[in-house]
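**Student:** So that we are looking at the same thing, I have put the structure below in structure tokens.
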Amino acid sequence: MKRHIIRLTVNGDTHELAVAPNATLVEVIRDRLGLTGTKRGCTSGACGVCTINDEEGRALLSCLTLAVAWDGCSLTTIEGVAEGGRLHPLQQAFWELGAVQCGYCTPGLVMTARALLLGNPQADAPAIDEALAGTLCRCTGHIKVKQAVASAVARVAADHVAATPESGNDGAQG
Amino acid sequence: MVRKADLTVVGRDQPRLDGAARLTGRAEFTDDVRLPGMLHAKVVRSPLPRARVVNVDTSAARRLPGVRAVVTREDAPQLAVGLHQPLFDTTVNYIGQEVAAVAALDEATAAEAAALVRVEYEPLPAITDFEAALVEGAAQLHPKAPGNVAWELAEVHGDPERAFAESAFQREDVYYTNPSHNCYAEFHVAVADYTAGGRLTVWTPSQSALLFQKALAAGFGLSEGQVRMMTLHTGGGFTGRSAVRPHHFVAALLSRKAGRPVKLRAVADEEFIMCRAGGRSRYRFRSGLGADGRLKVVEADLAFDSGAYVESQMILTTLTKSYLHLLYRLEATRYRGRLVCTNNLPYYFHHGGGLAQMQFGWGQHLDALARDAGLDPVEFHLLNAVGKGHTTMSGAHFASCGLAECITKAARQAGWGRKYGRLPKYRGIGIGIGAMASGAKGVFRHDTSAAFIKIAEDGTMSLFTGLPDMGQSSHTAMAIIAAEVLGARPVDITVISGDTDVAPLDVGAFSQRGTFNTGNAVIAAASDARAQLAKVAAERFGVKIAQVVFRDRQVWPKGAPGQAIALKQLVHDTLHSREGRYVMGRGFYNSPKASGTMAYSFGAQVAEVSVDPETGVVTVERVVAAHDVGRALNPRIVEGQIDGQVFSGLSQALYEEVLMEDGQALNPSRLDYRLPRSFEMPAVEHIIVESNDPYGPFGAKEVGEGPIVCTMQAIANAVAHAIGVPVTEMPMTPSRVLRAMAERREPPAGDPPLRHLLRGRRLR
Ligand code: FES
Ligand code: FES
């Protein structure tokens with residue numbers, strides 16, 4: 001099969017790769033880049049464990065996405081979520097509130113929730129429910145996961161307020 | 001007996017120690033394993049439910065570039081999976097059964113090669129309905145299963161006939177459950193490395209490395225020491241990963257032939273073939289109740305579709321047989337359990353171990369019997385529940401038992417008195433109760449867990465255990481236990497597990513033995529280490545060894561905390577003593593009973609549901625879950641265990657079903673095999689009852705499977721309450737609910753469903 005040369009930036013590292021036209025992002029990320037934190041489950045878009053984020057922070061099912069279509073793009077995987085050795089508020093909340101059990105769905109859930117937080121920093125309970133509906137978590141019954149996401153929303157908002165001197169404003173500068 | 005006030009670590013929330021690894025993508029699962037030269041496997045599977053394999057032509061597959069090994073029956077004439085199933089059988093007996101397998105440089109080549117294997121079949125008539133297989137004169141499917149009964153277990157206690165004769169009320173009901181799938185997040189996968197020296201290493205998610213090691217050693221004619229099991233992070237267990245399956249043998253066989261490591265993973269619908277969850281089952285119950293409201297006798301006749309082969313499903317009958325005795329004080333029981341041979345895939349059981357599924361029926365049956373007698377179900381349970389000190393007819397003894405407390409507390413918090421029989425139409429409330437043994441004695445003559453602990457000079461510790469952690473946070477629980485004994489912090493302890501070359505023996509994380517058995521082993525190991533330290537401390541303080549207190553990373557003579565020295569100072573001094581003593585503790589635990597276990601957990605759940613009479617959709621509005629866990633070692637994690645089981649119970653009660661047609665699964669995908677989504681999960685209210693078991697580690701008992709046995713029956717009873725008629729088949733899908741409503745005769749429409757109850761004679 002003819003290979004295509006693509007340039008992919010993952011968690012800030014840029015790679016030039018020769019990939020088959022039918023190679024999916026999950027294969028490239030795991031098998032070529034060795035970033036095995038992104039999990040592989042149903043490989044058909046039904047379980048959500050392979051979720052990563054695109055340049056705009058949107059959730060992307062890497063098992064359904066062809067790598068060649070993302071030539072020149074920048075992606076974030078679970079390995080790129082903690083910054084400077086500090087866990088993201090989502091990771092912190094998942095950990096403290098017991099939202100991680102077996103951990104197989106966890107990278108996908110964190111990436112799904114990260115997309116939610118980036119797109120809707122004020123996400124309320126129904127928005128959280130909706131965002132998480134596409135990820136199968138067999139262990140937790142979703143309960144502590146929802147609590148963790150809600151708590152992370154609150155933490156991020158609080159950090160934002162703390163970091164913004166004119167917090168009474170509409171936050172346009174944030 | 002341990003007093004709560006004396007505990008400094010146990011009972012406080014401790015986030016799981018491996019949380020950061022799991023949250024940053026660093027936790028390694030089997031599919032993440034990449035070995036030098038590793039090949040990828042694909043299995044050739046039977047498309048027919050029953051056929052003679054006439055010929056397997058692998059020549060084209062072998063010629064394909066990139067193929068490194070092809071295996072068929074000729075490579076493994078003696079290899080058997082469990083009791084009855086030869087690997088690559090000459091007659092295939094279920095759709096998806098292994099016929100051959102290939103290993104190639106990559107998955108795509110392996111798949112292409114597998115498609116090139118030509119298999120000639122001679123189709124044979126198949127039976128895929130287990131009740132048809134039981135009919136007199138049905139063709140016998142397996143030489144070892146006359147009448148298609150592959151296994152039967154029967155047992156009588158007391159005099160059932162007399163007890164029935166003396167019963168004021170009795171009834172008989174039949175229930176069914178349907179094929180299911182464990183649906184772990186992590187699909188089935190194995191990596192095998194069979195090296196030339198005759199050593200086999202297998203990486204695979206597992207609940208018991210020991211059972212896998214034994215089975216693989218027996219299959220390949222190796223000694224157990226030559227088989228090394230590697231259990232990495234495991235994406236869920238749910239009672240489905242406790243025994244070796246055909247794919248483990250196939251991966252090892254391919255590796256032996258190719259001389260290279262081989263990875264075999266389930267792709268798409270293969271996950272449903274490689275899984276061994278529940279088959280369709282029938283549960284017939286007949287019970288008798290005395291005029292005083294006391295349950296006198298229970299008769300259970302259970303038949304399980306165990307599919308094409310018996311691997312080790314006999315455990316289903318042993319478990320359900322013992323379970324009959326665990327909840328009520330009875331005069332007599334009669335049990336029969338049969339495993340029925342069909343041409344479906346070999347079934348085992350789903351989360352709940354067959355017990356939660358049996359409880360779907362039994363709980364409804366007894367609810368109905370109570371109502372026949374005019375008893376409120378809560379009243380009925382309280383009147384009949386076992387208690388502390390009770391010994392069952394089957395010989396189980398309850399040294400601790402919080403069942404009545406669970407029932408009372410769950411009912412009170414759920415507003416039972418206000419709601420039962422008084423809710424608006426199409427709304428219902430129901431109760432389910434349950435018990436669970438902590439331990440697995442009977443699998444082997446021993447039920448041993450062992451542990452080591454070593455303490456480094458800086459006071460940090462390594463705890464070695466053979467207990468896997470499939471998500472239940474058992475490793476953190478073990479660190480909590482060791483920390484409590486040694487006056488350390490759980491975060492100072494690294495739990496080392498997963499490699500049978502390193503870890504001490506442990507029967508495994510199934511049958512709810514982890515907290516209890518391994519926990520007691522860890523207490524023994526930590527106490528051994530503490531004794532080594534206490535000796536040095538006692539000399540230093542000039543007191544008796546028993547006077548040395550370990551707490552908060554400090555050590556002091558009893559009554560004189562002012563003389564405290566740091567734990568790490570003591571460890572340092574011990575190492576730098578004249579003898580240069582290095583602290584290593586060891587311990588093990590095995591139930592002193594010849595059979596059965598020392599501790600049982602108990603619980604009660606109350607579910608409230610609403611039913612849409614137009615669509616038949618059941619919505620669970622609320623679940624109150626009260627569980628006697630002995631002692632909650634890590635309360636928030638205990639809650640998480642309860643949540644997960646309520647989810648799984650709800651999921652099985654209302655959603656999960658593998659639709660089968662002539663041996664073929666019709667919905668083998670994560671999309672079509674439904675589970676509740678986040679917004680379909682109700683709030684779960686937890687009530688943790690601590691009965692402080694005298695034999696449990698710091699009083700703890702299991703919490704890994706006790707809760708789920710309550711959920712399905714609680715929901716089923718609530719549905720019956722809401723629509724006035726039971727749904728006797730699980731899952732209670734909208735169509736089954738509508739059918740039940742359509743067939744309803746009593747009470748007439750418009751009346752409160754359980755009006756007759758309100759007129760019932762109140763006993764007691
Ligand atoms: S693996 Fe991508 S959705 Fe399941
Ligand atoms: S934590 Fe196991 S599937 Fe979500």
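Identifiers in the structure tokens: chain A, B, ... in order shown; residue index from 1 per chain; ligand index from 1 in order shown.
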Residues at most 9 Å from segment 73-80 of chain A, counting only C-alpha atoms, excluding those fewer than 5 positions away in the same chain, as an NGL selection string?
**Tutor:** (:A and (7-14 or 29 or 35-38 or 51-57 or 107-108 or 110-111)) or (:B and (23-26))
**Student:** Would you name the residues within 9 Å of ligand 1, counting only C-alpha atoms and all ligand atoms, and put them as a list in words?
**Tutor:** Val26, Lys39, Arg40, Gly41, Cys42, Thr43, Ser44, Gly45, Ala46, Cys47, Gly48, Val49, Cys50, Thr51, Leu60, Leu61, Ser62, Cys63, Leu64, Gly108, Gly134, Thr135 and Leu136 of chain A; Ala185 and Arg670 of chain B
**Student:** Considering only C-alpha atoms and all ligand atoms, tabulate each residue of chain B that lies at most 7 Å from ligand 2 along with its nearest interatomic pair and the corresponding distance in Å to one decimal; arrange the rows by chain and ascending residue number and present them as CSV.
**Tutor:**
residue,atom,partner,partner_atom_place_in_ligand_line,distance
B:Tyr184,CA,ligand 2,3 (S),6.7
B:Ala185,CA,ligand 2,3 (S),4.8
B:Gly235,CA,ligand 2,2 (Fe),5.8
B:Gly236,CA,ligand 2,2 (Fe),5.7
B:Gly471,CA,ligand 2,2 (Fe),6.4
**Student:** Could those selected residues go to a file with all heavy atoms, as a PDB file, in the first residue's frame?
**Tutor:**
ATOM      1  N   TYR B 184     -16.229  -5.619  29.662  1.00  0.00           N
ATOM      2  CA  TYR B 184     -15.138  -4.858  30.271  1.00  0.00           C
ATOM      3  C   TYR B 184     -14.709  -3.761  29.320  1.00  0.00           C
ATOM      4  O   TYR B 184     -14.818  -3.903  28.111  1.00  0.00           O
ATOM      5  CB  TYR B 184     -13.874  -5.696  30.500  1.00  0.00           C
ATOM      6  CG  TYR B 184     -14.071  -7.151  30.729  1.00  0.00           C
ATOM      7  CD1 TYR B 184     -14.107  -8.039  29.668  1.00  0.00           C
ATOM      8  CD2 TYR B 184     -14.199  -7.632  32.013  1.00  0.00           C
ATOM      9  CE1 TYR B 184     -14.254  -9.388  29.898  1.00  0.00           C
ATOM     10  CE2 TYR B 184     -14.355  -8.980  32.242  1.00  0.00           C
ATOM     11  CZ  TYR B 184     -14.388  -9.852  31.181  1.00  0.00           C
ATOM     12  OH  TYR B 184     -14.543 -11.176  31.414  1.00  0.00           O
ATOM     13  N   ALA B 185     -14.135  -2.705  29.892  1.00  0.00           N
ATOM     14  CA  ALA B 185     -13.587  -1.661  29.021  1.00  0.00           C
ATOM     15  C   ALA B 185     -12.399  -2.205  28.231  1.00  0.00           C
ATOM     16  O   ALA B 185     -12.204  -1.881  27.067  1.00  0.00           O
ATOM     17  CB  ALA B 185     -13.175  -0.460  29.854  1.00  0.00           C
ATOM     18  N   GLY B 235      -8.244  -4.086  33.010  1.00  0.00           N
ATOM     19  CA  GLY B 235      -9.425  -3.266  32.742  1.00  0.00           C
ATOM     20  C   GLY B 235     -10.726  -3.938  33.106  1.00  0.00           C
ATOM     21  O   GLY B 235     -11.573  -4.182  32.255  1.00  0.00           O
ATOM     22  N   GLY B 236     -10.885  -4.240  34.385  1.00  0.00           N
ATOM     23  CA  GLY B 236     -12.133  -4.818  34.869  1.00  0.00           C
ATOM     24  C   GLY B 236     -12.062  -6.329  34.960  1.00  0.00           C
ATOM     25  O   GLY B 236     -11.402  -6.992  34.160  1.00  0.00           O
ATOM     26  N   GLY B 471      -9.254  -2.863  39.526  1.00  0.00           N
ATOM     27  CA  GLY B 471      -9.943  -1.585  39.604  1.00  0.00           C
ATOM     28  C   GLY B 471     -10.565  -1.357  40.955  1.00  0.00           C
ATOM     29  O   GLY B 471     -10.934  -0.243  41.310  1.00  0.00           O
TER      30      GLY B 471
END
**Student:** Using only C-alpha atoms, find which residues of chain B lie within 8 Å of chain A and jot them down as a PyMOL selection string.
**Tutor:** chain B and resi 15-16+19-20+22-28+32+183-187+233-236+267-268+469-473+636-637+640-641+643-648+669-671+677-679+681+683
**Student:** List as a list in words the protein and nucleic acid residues near Phe88 of chain B, meaning an atom at most 8 Å away when only C-alpha atoms are counted, but skip any in the same chain fewer than 5 places from it.
**Tutor:** Thr72, Arg73, Gln97, Glu98, Val99 and Ala100 of chain B
**Student:** Within 7 Å of Ser449 of chain B, counting only C-alpha atoms, which residues qualify if same-chain residues fewer than 4 places away don't, as a list in words?
**Tutor:**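 Once the adjacent positions are removed, what remains is Leu505, Asp506, Val507, Asn517, Thr518, Ala521, Phe588, Tyr589 and Asn590 of chain B.
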**Student:** Using N, CA, C and O atoms, can you write the selected residues to a file as a tab-separated table (two decimals), in the first residue's frame?
**Tutor:**
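The file below, part33.tsv, is the result:
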chain	number	residue	atom	x	y	z
B	505	LEU	N	2.52	-16.38	46.58
B	505	LEU	CA	1.30	-17.05	46.13
B	505	LEU	C	0.04	-16.35	46.64
B	505	LEU	O	-0.01	-15.86	47.76
B	506	ASP	N	-0.96	-16.31	45.75
B	506	ASP	CA	-2.27	-15.80	46.15
B	506	ASP	C	-3.29	-16.46	45.24
B	506	ASP	O	-3.10	-16.49	44.02
B	507	VAL	N	-4.34	-17.00	45.80
B	507	VAL	CA	-5.33	-17.70	44.98
B	507	VAL	C	-5.98	-16.74	43.98
B	507	VAL	O	-6.32	-17.12	42.87
B	517	ASN	N	-8.79	-12.47	52.81
B	517	ASN	CA	-7.65	-13.39	52.89
B	517	ASN	C	-6.32	-12.66	52.72
B	517	ASN	O	-5.42	-12.81	53.54
B	518	THR	N	-6.18	-11.91	51.64
B	518	THR	CA	-4.91	-11.23	51.43
B	518	THR	C	-4.72	-10.17	52.51
B	518	THR	O	-3.60	-9.96	52.98
B	521	ALA	N	-3.27	-11.80	55.36
B	521	ALA	CA	-1.87	-12.15	55.09
B	521	ALA	C	-0.99	-10.91	55.25
B	521	ALA	O	0.13	-11.00	55.79
B	588	PHE	N	1.17	-15.26	55.88
B	588	PHE	CA	0.17	-15.83	54.97
B	588	PHE	C	-1.11	-16.06	55.74
B	588	PHE	O	-1.12	-16.03	56.98
B	589	TYR	N	-2.17	-16.27	55.01
B	589	TYR	CA	-3.45	-16.55	55.65
B	589	TYR	C	-4.16	-17.63	54.85
B	589	TYR	O	-4.16	-17.61	53.62
B	590	ASN	N	-4.77	-18.53	55.58
B	590	ASN	CA	-5.60	-19.56	54.96
B	590	ASN	C	-6.77	-19.79	55.90
B	590	ASN	O	-6.58	-19.84	57.12
**Student:** Would you mind listing what lies within 7 Å of segment 478-484 of chain B as a list in words, with only C-alpha atoms counted and same-chain residues fewer than 4 positions away left out?
**Tutor:**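 Result of the neighbour search: Thr8, Val9, Val10, Ser474, Ala488, Arg489, Pro490, Ile493, Val495, Gly519, Val522, Ile523 and Ala526 of chain B.
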**Student:** For the structure I just gave you, how does DSSP split segment 625-662 of chain B - specifically, which residues are strand (DSSP E)? Reply as a VMD selection string.
**Tutor:** chain B and resid 625 to 628 660 to 661
**Student:** If I take atom CA of Ser601 of chain B and atom CA of Val703 of chain B, how far is one from the other in Å, to one decimal?
**Tutor:**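 Computing the Euclidean distance for atom CA of Ser601 of chain B and atom CA of Val703 of chain B yields 7.3 Å.
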**Student:** Write out as a PyMOL selection string all residues of segment 10-105 of chain A that backbone DSSP assigns to alpha helix (DSSP H).
**Tutor:** chain A and resi 25-27+89-96
**Student:** When you count only C-alpha atoms, which of these residues is closest to Ser287 of chain B: B:Val135, B:Ala76, B:Ala163, B:Ala399?
**Tutor:**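 Looking only at the distances to Ser287 of chain B, the closest residue turns out to be B:Ala163.
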**Student:** So the first atom is atom CA of Tyr283 of chain B and the second is atom CA of Asp662 of chain B; what is the distance between them in Å, to one decimal place?
**Tutor:** 22.4 Å
